[in-house]
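J.: Sharing a structure with you now.
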2 protein chains.
Amino acid sequence: MDWLDKVKWPADGLVPAIAQEAGSGRVLSLAWMNREALQRTVESGEAHYWSRSRKKLWHKGEESGHVQKIKSVRLDCDEDVVLLEVEQRGGIACHTGRHSCFYQQLKDGQWVAVEPVLKDPREIYGK
Amino acid sequence: MDWLDKVKWPADGLVPAIAQEAGSGRVLSLAWMNREALQRTVESGEAHYWSRSRKKLWHKGEESGHVQKIKSVRLDCDEDVVLLEVEQRGGIACHTGRHSCFYQQLKDGQWVAVEPVLKDPREIYGK
């Protein structure tokens with residue numbers, strides 16, 4: 001895959017991948033991709049990442065159903081960051097049940113949760 | 001600074017910081033912040049990063065004038081990624097003279113430059 005060679009994979013093999021929602025333009029999540037994750041993302045049309053905590057390939061939404069359908073894939077000028085334009089199934093990208101993972105905002109020296117939980121995580125993950 | 005302690009700084013001390021343009025919602029850049037960079041960003045109201053290539057603190061726009069004025073600062077659910085809402089001075093975030101750093105798009109197995117150069121980098125950097 002020539003296009004995979006264009007990416008400047010760092011020593012640990014992982015590049016950041018930003019998921020931005022088509023239409024709304026909201027930044028939903030940042031996760032990490034190795035070469036295989038990016039290849040599977042493009043081939044399947046659904047976001048795959050490398051889970052650093054579980055140390056394995058991760059098809060986002062495999063448990064929750066909240067997959068990210070790929071609309072476009074971009075690469076930055078340094079060729080070591082990926083930007084995905086996605087359609088977020090279920091409207092929930094975050095494991096906390098929120099639309100976006102970036103729900104904490106700095107206000108007067110405090111991080112404040114500024115987005116509602118749309119669905120109880122226990123319900124999402126069936127626990 | 002209590003709010004700086006909330007960030008889960010990794011072993012190398014650097015977290016990814018996404019800059020998203022207020023209004024347009026365009027993702028402009030991803031750069032890296034250490035603790036000092038994030039503190040200076042919040043205190044000065046202009047984006048500061050850690051330059052991994054130059055190994056020093058970097059006030060973005062210090063040479064080009066293309067500073068990023070901070071409108072809001074967010075943190076993700078894992079508390080190790082920062083999302084900045086910015087006003088991009090000069091309308092150019094990329095050192096190639098383009099609006100966004102994410103100007104290469106994957107099309108039919110090829111990375112294609114899909115955004116124009118708005119200003120010649122030699123003109124921007126006076127070289």
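Here, A, B, ... name the chains of the structure tokens in the order displayed, residue numbers run from 1 inside each chain, and ligands are numbered from 1 in the same displayed order.
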Kindly provide, as a PDB file with all heavy atoms, in the first residue's frame, the residues of chain A having any atom no farther than 7 Å from an atom of chain B, counting only C-alpha atoms.
T.:
```pdb
ATOM      1  N   TRP A   3       0.130   4.356  -0.319  1.00  0.00           N
ATOM      2  CA  TRP A   3      -0.383   5.511   0.422  1.00  0.00           C
ATOM      3  C   TRP A   3      -0.110   5.374   1.920  1.00  0.00           C
ATOM      4  O   TRP A   3       0.023   6.376   2.626  1.00  0.00           O
ATOM      5  CB  TRP A   3      -1.872   5.727   0.134  1.00  0.00           C
ATOM      6  CG  TRP A   3      -2.761   4.581   0.537  1.00  0.00           C
ATOM      7  CD1 TRP A   3      -3.090   3.499  -0.227  1.00  0.00           C
ATOM      8  CD2 TRP A   3      -3.409   4.405   1.799  1.00  0.00           C
ATOM      9  NE1 TRP A   3      -3.905   2.651   0.480  1.00  0.00           N
ATOM     10  CE2 TRP A   3      -4.130   3.195   1.734  1.00  0.00           C
ATOM     11  CE3 TRP A   3      -3.472   5.149   2.969  1.00  0.00           C
ATOM     12  CZ2 TRP A   3      -4.890   2.708   2.795  1.00  0.00           C
ATOM     13  CZ3 TRP A   3      -4.224   4.670   4.033  1.00  0.00           C
ATOM     14  CH2 TRP A   3      -4.922   3.466   3.933  1.00  0.00           C
ATOM     15  N   GLY A  25     -19.353  19.560  12.055  1.00  0.00           N
ATOM     16  CA  GLY A  25     -17.976  20.001  12.221  1.00  0.00           C
ATOM     17  C   GLY A  25     -17.421  19.780  13.614  1.00  0.00           C
ATOM     18  O   GLY A  25     -16.283  20.139  13.901  1.00  0.00           O
ATOM     19  N   VAL A  73     -10.617  11.015   4.521  1.00  0.00           N
ATOM     20  CA  VAL A  73      -9.408  10.837   5.317  1.00  0.00           C
ATOM     21  C   VAL A  73      -8.388  11.863   4.859  1.00  0.00           C
ATOM     22  O   VAL A  73      -8.105  11.970   3.657  1.00  0.00           O
ATOM     23  CB  VAL A  73      -8.817   9.417   5.133  1.00  0.00           C
ATOM     24  CG1 VAL A  73      -7.552   9.241   5.965  1.00  0.00           C
ATOM     25  CG2 VAL A  73      -9.843   8.350   5.495  1.00  0.00           C
ATOM     26  N   ARG A  74      -7.879  12.621   5.810  1.00  0.00           N
ATOM     27  CA  ARG A  74      -6.863  13.620   5.476  1.00  0.00           C
ATOM     28  C   ARG A  74      -5.590  13.392   6.286  1.00  0.00           C
ATOM     29  O   ARG A  74      -5.610  12.737   7.325  1.00  0.00           O
ATOM     30  CB  ARG A  74      -7.391  15.025   5.739  1.00  0.00           C
ATOM     31  CG  ARG A  74      -8.457  15.461   4.722  1.00  0.00           C
ATOM     32  CD  ARG A  74      -8.792  16.922   4.908  1.00  0.00           C
ATOM     33  NE  ARG A  74      -9.738  17.412   3.921  1.00  0.00           N
ATOM     34  CZ  ARG A  74      -9.676  18.624   3.366  1.00  0.00           C
ATOM     35  NH1 ARG A  74      -8.711  19.471   3.711  1.00  0.00           N
ATOM     36  NH2 ARG A  74     -10.560  18.999   2.476  1.00  0.00           N
ATOM     37  N   LEU A  75      -4.506  13.976   5.786  1.00  0.00           N
ATOM     38  CA  LEU A  75      -3.193  13.867   6.421  1.00  0.00           C
ATOM     39  C   LEU A  75      -2.634  15.279   6.539  1.00  0.00           C
ATOM     40  O   LEU A  75      -2.880  16.121   5.663  1.00  0.00           O
ATOM     41  CB  LEU A  75      -2.299  13.000   5.518  1.00  0.00           C
ATOM     42  CG  LEU A  75      -0.954  12.515   6.031  1.00  0.00           C
ATOM     43  CD1 LEU A  75      -1.095  11.639   7.273  1.00  0.00           C
ATOM     44  CD2 LEU A  75      -0.232  11.760   4.916  1.00  0.00           C
ATOM     45  N   ASP A  76      -1.891  15.547   7.598  1.00  0.00           N
ATOM     46  CA  ASP A  76      -1.386  16.914   7.785  1.00  0.00           C
ATOM     47  C   ASP A  76      -0.061  17.122   7.052  1.00  0.00           C
ATOM     48  O   ASP A  76       0.486  16.202   6.440  1.00  0.00           O
ATOM     49  CB  ASP A  76      -1.286  17.252   9.277  1.00  0.00           C
ATOM     50  CG  ASP A  76      -0.072  16.614   9.926  1.00  0.00           C
ATOM     51  OD1 ASP A  76       0.368  15.543   9.464  1.00  0.00           O
ATOM     52  OD2 ASP A  76       0.438  17.177  10.903  1.00  0.00           O
ATOM     53  N   CYS A  77       0.428  18.344   7.143  1.00  0.00           N
ATOM     54  CA  CYS A  77       1.639  18.749   6.419  1.00  0.00           C
ATOM     55  C   CYS A  77       2.865  17.944   6.845  1.00  0.00           C
ATOM     56  O   CYS A  77       3.750  17.692   6.030  1.00  0.00           O
ATOM     57  CB  CYS A  77       1.885  20.242   6.594  1.00  0.00           C
ATOM     58  SG  CYS A  77       1.857  20.794   8.316  1.00  0.00           S
ATOM     59  N   CYS A 101     -16.081  13.519  23.008  1.00  0.00           N
ATOM     60  CA  CYS A 101     -15.176  13.263  24.131  1.00  0.00           C
ATOM     61  C   CYS A 101     -14.671  14.556  24.772  1.00  0.00           C
ATOM     62  O   CYS A 101     -14.212  14.542  25.915  1.00  0.00           O
ATOM     63  CB  CYS A 101     -13.969  12.452  23.646  1.00  0.00           C
ATOM     64  SG  CYS A 101     -14.392  10.787  23.114  1.00  0.00           S
ATOM     65  N   PHE A 102     -14.760  15.665  24.038  1.00  0.00           N
ATOM     66  CA  PHE A 102     -14.205  16.927  24.545  1.00  0.00           C
ATOM     67  C   PHE A 102     -15.284  17.714  25.279  1.00  0.00           C
ATOM     68  O   PHE A 102     -15.718  18.774  24.825  1.00  0.00           O
ATOM     69  CB  PHE A 102     -13.604  17.731  23.386  1.00  0.00           C
ATOM     70  CG  PHE A 102     -12.416  17.054  22.774  1.00  0.00           C
ATOM     71  CD1 PHE A 102     -12.573  16.202  21.689  1.00  0.00           C
ATOM     72  CD2 PHE A 102     -11.148  17.240  23.302  1.00  0.00           C
ATOM     73  CE1 PHE A 102     -11.479  15.546  21.134  1.00  0.00           C
ATOM     74  CE2 PHE A 102     -10.055  16.592  22.755  1.00  0.00           C
ATOM     75  CZ  PHE A 102     -10.222  15.749  21.670  1.00  0.00           C
ATOM     76  N   TYR A 103     -15.723  17.190  26.384  1.00  0.00           N
ATOM     77  CA  TYR A 103     -16.867  17.785  27.080  1.00  0.00           C
ATOM     78  C   TYR A 103     -16.458  18.602  28.298  1.00  0.00           C
ATOM     79  O   TYR A 103     -17.321  19.175  28.956  1.00  0.00           O
ATOM     80  CB  TYR A 103     -17.879  16.706  27.469  1.00  0.00           C
ATOM     81  CG  TYR A 103     -17.370  15.688  28.441  1.00  0.00           C
ATOM     82  CD1 TYR A 103     -17.367  15.943  29.813  1.00  0.00           C
ATOM     83  CD2 TYR A 103     -16.876  14.474  28.003  1.00  0.00           C
ATOM     84  CE1 TYR A 103     -16.875  15.004  30.709  1.00  0.00           C
ATOM     85  CE2 TYR A 103     -16.381  13.535  28.888  1.00  0.00           C
ATOM     86  CZ  TYR A 103     -16.390  13.803  30.233  1.00  0.00           C
ATOM     87  OH  TYR A 103     -15.895  12.881  31.117  1.00  0.00           O
ATOM     88  N   GLN A 104     -15.178  18.644  28.595  1.00  0.00           N
ATOM     89  CA  GLN A 104     -14.731  19.423  29.746  1.00  0.00           C
ATOM     90  C   GLN A 104     -14.103  20.729  29.260  1.00  0.00           C
ATOM     91  O   GLN A 104     -13.152  20.714  28.480  1.00  0.00           O
ATOM     92  CB  GLN A 104     -13.706  18.625  30.553  1.00  0.00           C
ATOM     93  CG  GLN A 104     -14.269  17.300  31.019  1.00  0.00           C
ATOM     94  CD  GLN A 104     -13.282  16.494  31.834  1.00  0.00           C
ATOM     95  OE1 GLN A 104     -13.221  16.625  33.041  1.00  0.00           O
ATOM     96  NE2 GLN A 104     -12.499  15.654  31.159  1.00  0.00           N
ATOM     97  N   GLN A 105     -14.624  21.843  29.737  1.00  0.00           N
ATOM     98  CA  GLN A 105     -14.131  23.145  29.289  1.00  0.00           C
ATOM     99  C   GLN A 105     -13.538  23.913  30.463  1.00  0.00           C
ATOM    100  O   GLN A 105     -14.075  23.884  31.575  1.00  0.00           O
ATOM    101  CB  GLN A 105     -15.279  23.942  28.655  1.00  0.00           C
ATOM    102  CG  GLN A 105     -14.799  25.232  27.991  1.00  0.00           C
ATOM    103  CD  GLN A 105     -15.894  25.929  27.217  1.00  0.00           C
ATOM    104  OE1 GLN A 105     -16.880  25.323  26.830  1.00  0.00           O
ATOM    105  NE2 GLN A 105     -15.716  27.215  26.966  1.00  0.00           N
ATOM    106  N   LEU A 106     -12.430  24.589  30.194  1.00  0.00           N
ATOM    107  CA  LEU A 106     -11.767  25.369  31.244  1.00  0.00           C
ATOM    108  C   LEU A 106     -12.505  26.697  31.434  1.00  0.00           C
ATOM    109  O   LEU A 106     -12.617  27.496  30.500  1.00  0.00           O
ATOM    110  CB  LEU A 106     -10.307  25.626  30.841  1.00  0.00           C
ATOM    111  CG  LEU A 106      -9.400  26.235  31.920  1.00  0.00           C
ATOM    112  CD1 LEU A 106      -9.276  25.333  33.137  1.00  0.00           C
ATOM    113  CD2 LEU A 106      -8.016  26.529  31.348  1.00  0.00           C
ATOM    114  N   GLY A 109     -10.358  28.764  35.672  1.00  0.00           N
ATOM    115  CA  GLY A 109      -9.425  27.875  36.364  1.00  0.00           C
ATOM    116  C   GLY A 109     -10.000  26.546  36.817  1.00  0.00           C
ATOM    117  O   GLY A 109      -9.412  25.858  37.656  1.00  0.00           O
ATOM    118  N   GLN A 110     -11.158  26.174  36.256  1.00  0.00           N
ATOM    119  CA  GLN A 110     -11.777  24.887  36.597  1.00  0.00           C
ATOM    120  C   GLN A 110     -12.227  24.188  35.315  1.00  0.00           C
ATOM    121  O   GLN A 110     -12.724  24.848  34.402  1.00  0.00           O
ATOM    122  CB  GLN A 110     -13.038  25.108  37.454  1.00  0.00           C
ATOM    123  CG  GLN A 110     -12.809  25.888  38.717  1.00  0.00           C
ATOM    124  CD  GLN A 110     -12.999  25.030  39.960  1.00  0.00           C
ATOM    125  OE1 GLN A 110     -13.342  23.848  39.860  1.00  0.00           O
ATOM    126  NE2 GLN A 110     -12.776  25.606  41.120  1.00  0.00           N
ATOM    127  N   TRP A 111     -12.101  22.887  35.278  1.00  0.00           N
ATOM    128  CA  TRP A 111     -12.648  22.107  34.173  1.00  0.00           C
ATOM    129  C   TRP A 111     -14.105  21.790  34.486  1.00  0.00           C
ATOM    130  O   TRP A 111     -14.403  21.167  35.510  1.00  0.00           O
ATOM    131  CB  TRP A 111     -11.867  20.803  33.978  1.00  0.00           C
ATOM    132  CG  TRP A 111     -10.440  21.022  33.605  1.00  0.00           C
ATOM    133  CD1 TRP A 111      -9.353  20.893  34.422  1.00  0.00           C
ATOM    134  CD2 TRP A 111      -9.929  21.409  32.323  1.00  0.00           C
ATOM    135  NE1 TRP A 111      -8.200  21.176  33.733  1.00  0.00           N
ATOM    136  CE2 TRP A 111      -8.514  21.501  32.436  1.00  0.00           C
ATOM    137  CE3 TRP A 111     -10.507  21.698  31.078  1.00  0.00           C
ATOM    138  CZ2 TRP A 111      -7.683  21.854  31.372  1.00  0.00           C
ATOM    139  CZ3 TRP A 111      -9.686  22.053  30.025  1.00  0.00           C
ATOM    140  CH2 TRP A 111      -8.299  22.129  30.163  1.00  0.00           C
TER     141      TRP A 111
END
```
J.: Pairing the C-alpha atoms in order across the whole chain, superpose chain A onto chain B by least squares and write the result as a PDB file with C-alpha atoms, in the first residue's frame.
T.:
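Ended up saving to selection_15.pdb:
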```pdb
ATOM      1  CA  MET A   1      -2.166  25.468  39.113  1.00  0.00           C
ATOM      2  CA  ASP A   2      -4.750  22.854  40.067  1.00  0.00           C
ATOM      3  CA  TRP A   3      -6.304  22.762  36.612  1.00  0.00           C
ATOM      4  CA  LEU A   4      -2.931  21.787  35.093  1.00  0.00           C
ATOM      5  CA  ASP A   5      -2.770  18.806  37.453  1.00  0.00           C
ATOM      6  CA  LYS A   6      -6.035  17.494  36.032  1.00  0.00           C
ATOM      7  CA  VAL A   7      -4.267  16.762  32.732  1.00  0.00           C
ATOM      8  CA  LYS A   8      -2.774  13.272  32.605  1.00  0.00           C
ATOM      9  CA  TRP A   9       0.682  14.209  31.384  1.00  0.00           C
ATOM     10  CA  PRO A  10       2.308  11.162  29.809  1.00  0.00           C
ATOM     11  CA  ALA A  11       5.884   9.985  30.464  1.00  0.00           C
ATOM     12  CA  ASP A  12       7.291  12.247  27.729  1.00  0.00           C
ATOM     13  CA  GLY A  13       5.299  15.197  29.108  1.00  0.00           C
ATOM     14  CA  LEU A  14       3.499  15.938  25.836  1.00  0.00           C
ATOM     15  CA  VAL A  15      -0.200  15.839  24.968  1.00  0.00           C
ATOM     16  CA  PRO A  16      -1.714  16.475  21.525  1.00  0.00           C
ATOM     17  CA  ALA A  17      -3.482  19.816  21.135  1.00  0.00           C
ATOM     18  CA  ILE A  18      -5.958  20.258  18.291  1.00  0.00           C
ATOM     19  CA  ALA A  19      -6.674  23.787  17.042  1.00  0.00           C
ATOM     20  CA  GLN A  20     -10.158  24.239  15.608  1.00  0.00           C
ATOM     21  CA  GLU A  21     -11.224  27.497  14.014  1.00  0.00           C
ATOM     22  CA  ALA A  22     -14.089  29.347  15.681  1.00  0.00           C
ATOM     23  CA  GLY A  23     -16.909  30.001  13.275  1.00  0.00           C
ATOM     24  CA  SER A  24     -15.834  27.764  10.409  1.00  0.00           C
ATOM     25  CA  GLY A  25     -15.231  24.733  12.631  1.00  0.00           C
ATOM     26  CA  ARG A  26     -12.246  23.811  10.460  1.00  0.00           C
ATOM     27  CA  VAL A  27      -9.540  21.725  12.110  1.00  0.00           C
ATOM     28  CA  LEU A  28      -6.399  23.750  11.459  1.00  0.00           C
ATOM     29  CA  SER A  29      -3.527  21.976  13.160  1.00  0.00           C
ATOM     30  CA  LEU A  30      -2.374  19.473  15.713  1.00  0.00           C
ATOM     31  CA  ALA A  31       0.702  20.267  17.746  1.00  0.00           C
ATOM     32  CA  TRP A  32       2.089  19.162  21.109  1.00  0.00           C
ATOM     33  CA  MET A  33       1.946  20.788  24.514  1.00  0.00           C
ATOM     34  CA  ASN A  34       3.871  20.268  27.683  1.00  0.00           C
ATOM     35  CA  ARG A  35       2.685  21.699  30.969  1.00  0.00           C
ATOM     36  CA  GLU A  36       4.389  25.039  30.442  1.00  0.00           C
ATOM     37  CA  ALA A  37       2.960  25.402  26.922  1.00  0.00           C
ATOM     38  CA  LEU A  38      -0.584  24.869  28.169  1.00  0.00           C
ATOM     39  CA  GLN A  39      -0.083  27.271  31.067  1.00  0.00           C
ATOM     40  CA  ARG A  40       1.295  29.987  28.769  1.00  0.00           C
ATOM     41  CA  THR A  41      -1.511  29.383  26.272  1.00  0.00           C
ATOM     42  CA  VAL A  42      -4.166  29.998  28.891  1.00  0.00           C
ATOM     43  CA  GLU A  43      -2.373  32.904  30.571  1.00  0.00           C
ATOM     44  CA  SER A  44      -1.482  34.749  27.358  1.00  0.00           C
ATOM     45  CA  GLY A  45      -4.587  33.886  25.328  1.00  0.00           C
ATOM     46  CA  GLU A  46      -2.399  32.738  22.401  1.00  0.00           C
ATOM     47  CA  ALA A  47      -1.444  29.179  21.512  1.00  0.00           C
ATOM     48  CA  HIS A  48       1.951  27.975  22.701  1.00  0.00           C
ATOM     49  CA  TYR A  49       3.277  24.542  21.857  1.00  0.00           C
ATOM     50  CA  TRP A  50       6.315  22.385  22.402  1.00  0.00           C
ATOM     51  CA  SER A  51       8.240  22.020  19.166  1.00  0.00           C
ATOM     52  CA  ARG A  52       9.400  18.412  19.021  1.00  0.00           C
ATOM     53  CA  SER A  53      11.778  19.142  16.130  1.00  0.00           C
ATOM     54  CA  ARG A  54      13.389  22.217  17.694  1.00  0.00           C
ATOM     55  CA  LYS A  55      12.973  20.903  21.264  1.00  0.00           C
ATOM     56  CA  LYS A  56      11.786  24.203  22.630  1.00  0.00           C
ATOM     57  CA  LEU A  57       8.708  26.134  23.612  1.00  0.00           C
ATOM     58  CA  TRP A  58       7.089  27.667  20.575  1.00  0.00           C
ATOM     59  CA  HIS A  59       4.709  30.615  20.484  1.00  0.00           C
ATOM     60  CA  LYS A  60       2.870  29.810  17.263  1.00  0.00           C
ATOM     61  CA  GLY A  61       3.026  32.774  14.924  1.00  0.00           C
ATOM     62  CA  GLU A  62       6.104  34.309  16.571  1.00  0.00           C
ATOM     63  CA  GLU A  63       7.794  34.475  13.151  1.00  0.00           C
ATOM     64  CA  SER A  64       4.872  34.559  10.740  1.00  0.00           C
ATOM     65  CA  GLY A  65       2.447  36.670  12.764  1.00  0.00           C
ATOM     66  CA  HIS A  66      -0.091  33.869  12.322  1.00  0.00           C
ATOM     67  CA  VAL A  67      -0.910  33.547  15.999  1.00  0.00           C
ATOM     68  CA  GLN A  68      -3.881  31.562  17.259  1.00  0.00           C
ATOM     69  CA  LYS A  69      -6.078  33.574  19.629  1.00  0.00           C
ATOM     70  CA  ILE A  70      -7.735  31.330  22.181  1.00  0.00           C
ATOM     71  CA  LYS A  71     -11.528  31.357  22.467  1.00  0.00           C
ATOM     72  CA  SER A  72     -11.907  28.219  24.598  1.00  0.00           C
ATOM     73  CA  VAL A  73      -9.912  25.278  25.915  1.00  0.00           C
ATOM     74  CA  ARG A  74     -11.339  21.801  26.268  1.00  0.00           C
ATOM     75  CA  LEU A  75     -10.057  18.482  27.596  1.00  0.00           C
ATOM     76  CA  ASP A  76     -11.183  15.013  26.543  1.00  0.00           C
ATOM     77  CA  CYS A  77     -12.629  12.198  28.633  1.00  0.00           C
ATOM     78  CA  ASP A  78      -9.221  10.569  29.143  1.00  0.00           C
ATOM     79  CA  GLU A  79      -7.753  13.941  30.104  1.00  0.00           C
ATOM     80  CA  ASP A  80      -4.790  13.630  27.797  1.00  0.00           C
ATOM     81  CA  VAL A  81      -5.869  15.555  24.696  1.00  0.00           C
ATOM     82  CA  VAL A  82      -6.548  19.307  24.456  1.00  0.00           C
ATOM     83  CA  LEU A  83      -8.962  20.959  22.014  1.00  0.00           C
ATOM     84  CA  LEU A  84      -8.460  24.676  21.402  1.00  0.00           C
ATOM     85  CA  GLU A  85     -11.069  26.865  19.787  1.00  0.00           C
ATOM     86  CA  VAL A  86      -9.072  29.579  18.062  1.00  0.00           C
ATOM     87  CA  GLU A  87      -9.239  32.625  15.888  1.00  0.00           C
ATOM     88  CA  GLN A  88      -6.495  32.168  13.294  1.00  0.00           C
ATOM     89  CA  ARG A  89      -4.697  35.418  12.516  1.00  0.00           C
ATOM     90  CA  GLY A  90      -3.960  35.819   8.808  1.00  0.00           C
ATOM     91  CA  GLY A  91      -6.253  32.873   8.049  1.00  0.00           C
ATOM     92  CA  ILE A  92      -3.158  30.698   7.644  1.00  0.00           C
ATOM     93  CA  ALA A  93      -2.314  27.958  10.141  1.00  0.00           C
ATOM     94  CA  CYS A  94       0.080  25.929   7.998  1.00  0.00           C
ATOM     95  CA  HIS A  95       3.766  26.636   7.373  1.00  0.00           C
ATOM     96  CA  THR A  96       3.087  25.785   3.714  1.00  0.00           C
ATOM     97  CA  GLY A  97       0.907  28.911   3.479  1.00  0.00           C
ATOM     98  CA  ARG A  98      -2.400  27.052   3.534  1.00  0.00           C
ATOM     99  CA  HIS A  99      -5.426  27.693   5.722  1.00  0.00           C
ATOM    100  CA  SER A 100      -5.262  24.269   7.384  1.00  0.00           C
ATOM    101  CA  CYS A 101      -2.427  21.796   7.888  1.00  0.00           C
ATOM    102  CA  PHE A 102      -4.790  18.996   6.833  1.00  0.00           C
ATOM    103  CA  TYR A 103      -4.672  19.718   3.130  1.00  0.00           C
ATOM    104  CA  GLN A 104      -3.869  16.258   1.811  1.00  0.00           C
ATOM    105  CA  GLN A 105      -6.874  14.027   1.163  1.00  0.00           C
ATOM    106  CA  LEU A 106      -6.878  10.341   0.290  1.00  0.00           C
ATOM    107  CA  LYS A 107      -8.531   9.810  -3.083  1.00  0.00           C
ATOM    108  CA  ASP A 108      -8.396   6.462  -4.896  1.00  0.00           C
ATOM    109  CA  GLY A 109      -5.284   5.395  -3.025  1.00  0.00           C
ATOM    110  CA  GLN A 110      -3.423   8.688  -3.482  1.00  0.00           C
ATOM    111  CA  TRP A 111      -2.879  11.670  -1.205  1.00  0.00           C
ATOM    112  CA  VAL A 112      -3.995  14.747  -3.117  1.00  0.00           C
ATOM    113  CA  ALA A 113      -3.445  18.372  -2.063  1.00  0.00           C
ATOM    114  CA  VAL A 114      -6.976  19.766  -1.977  1.00  0.00           C
ATOM    115  CA  GLU A 115      -6.344  23.250  -0.586  1.00  0.00           C
ATOM    116  CA  PRO A 116      -4.597  26.180  -2.229  1.00  0.00           C
ATOM    117  CA  VAL A 117      -1.473  27.917  -0.980  1.00  0.00           C
ATOM    118  CA  LEU A 118      -2.780  31.325   0.108  1.00  0.00           C
ATOM    119  CA  LYS A 119       0.613  32.914   0.598  1.00  0.00           C
ATOM    120  CA  ASP A 120       4.102  31.901  -0.475  1.00  0.00           C
ATOM    121  CA  PRO A 121       6.018  30.632   2.583  1.00  0.00           C
ATOM    122  CA  ARG A 122       9.069  32.639   1.479  1.00  0.00           C
ATOM    123  CA  GLU A 123       6.925  35.739   1.830  1.00  0.00           C
ATOM    124  CA  ILE A 124       5.524  34.609   5.196  1.00  0.00           C
ATOM    125  CA  TYR A 125       8.906  33.881   6.726  1.00  0.00           C
ATOM    126  CA  GLY A 126      10.848  36.525   4.881  1.00  0.00           C
ATOM    127  CA  LYS A 127      13.412  34.119   3.437  1.00  0.00           C
TER     128      LYS A 127
END
```
J.: From a DSSP pass on the backbone, collect the residues of chain B flagged as helix (DSSP H, G or I) and hand them back as a ChimeraX atom specification.
T.: /B:2-5,35-44,89-91,121-124
J.: Please save C-alpha atoms of the selected residues as an mmCIF file, in the first residue's frame.
T.:
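Output file selection19.cif is given in full below:
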```cif
data_model
loop_
_atom_site.group_PDB
_atom_site.id
_atom_site.type_symbol
_atom_site.label_atom_id
_atom_site.label_comp_id
_atom_site.auth_asym_id
_atom_site.auth_seq_id
_atom_site.Cartn_x
_atom_site.Cartn_y
_atom_site.Cartn_z
ATOM 1 C CA ASP B 2 -4.714 22.858 40.062
ATOM 2 C CA TRP B 3 -6.294 22.760 36.612
ATOM 3 C CA LEU B 4 -2.929 21.792 35.087
ATOM 4 C CA ASP B 5 -2.766 18.811 37.444
ATOM 5 C CA ARG B 35 2.674 21.715 30.956
ATOM 6 C CA GLU B 36 4.380 25.057 30.431
ATOM 7 C CA ALA B 37 2.951 25.413 26.916
ATOM 8 C CA LEU B 38 -0.590 24.867 28.164
ATOM 9 C CA GLN B 39 -0.094 27.273 31.053
ATOM 10 C CA ARG B 40 1.283 29.991 28.764
ATOM 11 C CA THR B 41 -1.521 29.389 26.266
ATOM 12 C CA VAL B 42 -4.165 30.007 28.897
ATOM 13 C CA GLU B 43 -2.374 32.914 30.574
ATOM 14 C CA SER B 44 -1.473 34.759 27.358
ATOM 15 C CA ARG B 89 -4.703 35.415 12.531
ATOM 16 C CA GLY B 90 -3.950 35.818 8.828
ATOM 17 C CA GLY B 91 -6.241 32.883 8.064
ATOM 18 C CA PRO B 121 6.009 30.643 2.580
ATOM 19 C CA ARG B 122 9.077 32.653 1.470
ATOM 20 C CA GLU B 123 6.928 35.740 1.812
ATOM 21 C CA ILE B 124 5.520 34.631 5.175
#
```
